[in-house]
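Dropping data-v4.cif in here (mmCIF, C-alpha atoms):
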```cif
data_protein
loop_
_atom_site.group_PDB
_atom_site.id
_atom_site.type_symbol
_atom_site.label_atom_id
_atom_site.label_comp_id
_atom_site.auth_asym_id
_atom_site.auth_seq_id
_atom_site.Cartn_x
_atom_site.Cartn_y
_atom_site.Cartn_z
ATOM 1 C CA MET A 297 6.142 -18.954 -19.923
ATOM 2 C CA ASP A 298 6.536 -18.367 -16.194
ATOM 3 C CA LYS A 299 6.546 -14.951 -14.579
ATOM 4 C CA PHE A 300 10.338 -14.826 -14.292
ATOM 5 C CA GLU A 301 10.812 -15.491 -18.011
ATOM 6 C CA GLU A 302 8.113 -12.964 -18.846
ATOM 7 C CA PHE A 303 9.841 -10.378 -16.651
ATOM 8 C CA GLY A 304 13.191 -11.098 -18.351
ATOM 9 C CA LYS A 305 11.628 -10.708 -21.776
ATOM 10 C CA ARG A 306 10.097 -7.373 -20.778
ATOM 11 C CA ILE A 307 13.470 -6.164 -19.467
ATOM 12 C CA ASP A 308 15.116 -7.148 -22.762
ATOM 13 C CA GLU A 309 12.430 -5.293 -24.733
ATOM 14 C CA GLU A 310 12.778 -2.183 -22.596
ATOM 15 C CA PHE A 311 16.565 -2.260 -22.892
ATOM 16 C CA ALA A 312 16.277 -2.480 -26.688
ATOM 17 C CA ARG A 313 13.923 0.518 -26.651
ATOM 18 C CA LEU A 314 16.351 2.503 -24.505
ATOM 19 C CA LYS A 315 19.214 1.756 -26.884
ATOM 20 C CA SER A 316 17.159 3.273 -29.706
ATOM 21 C CA ILE A 317 17.030 6.694 -27.999
ATOM 22 C CA LYS A 318 19.135 9.057 -30.092
ATOM 23 C CA ASN A 319 18.971 12.388 -28.265
ATOM 24 C CA PHE A 320 17.961 14.081 -25.040
ATOM 25 C CA GLU A 321 14.546 15.099 -26.388
ATOM 26 C CA ASP A 322 13.676 11.474 -27.141
ATOM 27 C CA PHE A 323 14.911 10.524 -23.699
ATOM 28 C CA GLY A 324 12.653 13.148 -22.080
ATOM 29 C CA LYS A 325 9.633 11.935 -24.046
ATOM 30 C CA ARG A 326 10.376 8.369 -22.998
ATOM 31 C CA VAL A 327 10.655 9.394 -19.337
ATOM 32 C CA ASP A 328 7.314 11.216 -19.549
ATOM 33 C CA GLU A 329 5.666 8.142 -21.098
ATOM 34 C CA GLU A 330 7.063 5.878 -18.397
ATOM 35 C CA LEU A 331 5.983 8.231 -15.619
ATOM 36 C CA ASP A 332 2.450 8.281 -17.015
ATOM 37 C CA ARG A 333 2.491 4.480 -17.216
ATOM 38 C CA VAL A 334 3.724 4.156 -13.620
ATOM 39 C CA LYS A 335 1.134 6.645 -12.340
ATOM 40 C CA SER A 336 -1.614 4.738 -14.110
ATOM 41 C CA PHE A 337 -0.363 1.414 -12.736
ATOM 42 C CA VAL A 338 -0.245 2.724 -9.185
ATOM 43 C CA LYS A 339 -3.689 4.321 -9.466
ATOM 44 C CA GLU A 340 -5.388 1.327 -11.093
ATOM 45 C CA GLU A 341 -3.521 -1.670 -9.631
ATOM 46 C CA VAL A 342 -1.619 -0.801 -6.479
ATOM 47 C CA ALA A 343 -3.920 1.650 -4.710
ATOM 48 C CA PRO A 344 -7.106 -0.472 -4.753
ATOM 49 C CA GLU A 345 -5.284 -3.566 -3.477
ATOM 50 C CA THR A 346 -3.496 -1.538 -0.827
ATOM 51 C CA GLU A 347 -6.780 -0.010 0.340
ATOM 52 C CA LYS A 348 -8.392 -3.455 0.442
ATOM 53 C CA ARG A 349 -5.551 -4.906 2.524
ATOM 54 C CA THR A 350 -5.507 -1.877 4.813
ATOM 55 C CA ALA A 351 -9.237 -2.187 5.493
ATOM 56 C CA GLN A 352 -8.832 -5.887 6.296
ATOM 57 C CA PHE A 353 -5.878 -5.142 8.592
ATOM 58 C CA LEU A 354 -7.881 -2.491 10.445
ATOM 59 C CA ARG A 355 -10.775 -4.928 10.922
ATOM 60 C CA GLU A 356 -8.394 -7.536 12.358
ATOM 61 C CA VAL A 357 -6.784 -4.989 14.677
ATOM 62 C CA SER A 358 -10.229 -3.831 15.810
ATOM 63 C CA GLU A 359 -11.194 -7.420 16.672
ATOM 64 C CA LYS A 360 -7.968 -7.939 18.636
ATOM 65 C CA LEU A 361 -8.478 -4.688 20.549
ATOM 66 C CA THR A 362 -12.041 -5.729 21.400
ATOM 67 C CA GLU A 363 -10.737 -9.087 22.658
ATOM 68 C CA ALA A 364 -8.031 -7.375 24.711
ATOM 69 C CA ALA A 365 -10.544 -4.995 26.286
ATOM 70 C CA ALA A 366 -12.844 -7.901 27.185
ATOM 71 C CA TRP A 367 -9.911 -9.785 28.717
ATOM 72 C CA ILE A 368 -8.937 -6.776 30.844
ATOM 73 C CA GLU A 369 -12.524 -6.244 31.958
ATOM 74 C CA ALA A 370 -12.871 -9.934 32.868
ATOM 75 C CA ARG A 371 -9.609 -9.852 34.815
ATOM 76 C CA ASN A 372 -10.713 -6.747 36.715
ATOM 77 C CA ALA A 373 -14.102 -8.344 37.462
ATOM 78 C CA GLN A 374 -12.343 -11.407 38.917
ATOM 79 C CA ASN A 375 -10.290 -9.176 41.202
ATOM 80 C CA GLY A 376 -13.361 -7.220 42.274
ATOM 81 C CA GLN A 377 -12.097 -4.060 40.633
ATOM 82 C CA ARG A 378 -14.141 -1.727 38.558
ATOM 83 C CA PRO A 379 -12.530 -0.310 35.451
ATOM 84 C CA PRO A 380 -11.736 3.396 35.703
ATOM 85 C CA ALA A 381 -14.293 5.761 34.254
ATOM 86 C CA ALA A 382 -13.425 7.136 30.860
ATOM 87 C CA PRO A 383 -12.229 10.739 30.952
ATOM 88 C CA PRO A 384 -14.600 13.296 29.492
ATOM 89 C CA PRO A 385 -13.929 14.090 25.826
ATOM 90 C CA ARG A 386 -11.627 17.017 25.225
ATOM 91 C CA ASN A 387 -12.834 19.823 23.052
ATOM 92 C CA PRO A 388 -10.255 20.902 20.500
ATOM 93 C CA PRO A 389 -9.081 24.499 20.927
ATOM 94 C CA THR A 390 -10.852 26.924 18.663
ATOM 95 C CA ALA A 391 -8.871 29.293 16.539
#
```

Would you mind writing the file's structure down as structure tokens?
Amino acid sequence: MDKFEEFGKRIDEEFARLKSIKNFEDFGKRVDEELDRVKSFVKEEVAPETEKRTAQFLREVSEKLTEAAAWIEARNAQNGQRPPAAPPPRNPPTA
């Protein structure tokens, strides 16, 4: 069974479960169960993968920024220019 068929089957099962809800109390319990399931899914499946991809993205951006800085420095060296000195670090205001 491919993923699309599996998804369709799950939708059918969920729809059948929803049709069996008889009153508002049952509906509220079902919503609470689904919210717990979604929270668990996000915490266990989505968050770790998102963090992994974010870390990889940041590494790639860091490499590109390093390359860009080297390119600028090389261009300035060819033109006989020295890069400007970095400004002194600013101290955050104290409260």

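Taking CA of Asp332 (chain A) as the reference point, CA of Pro344 (chain A) is found at 17.8 Å.
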
So how far away is CA of Glu340 (chain A) from CA of Gly324 (chain A), in Å?
24.2 Å

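Atom pair CA of Gly376 (chain A) / CA of Ser358 (chain A): separated by 26.9 Å.
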
Centre, edges in Å (one decimal): axis-aligned box, region 359-368 of chain A, 4 Å padding on all six sides, as lines of an AutoDock Vina configuration file:
```
center_x = -10.4
center_y = -7.2
center_z = 23.8
size_x = 12.9
size_y = 13.1
size_z = 22.2
```
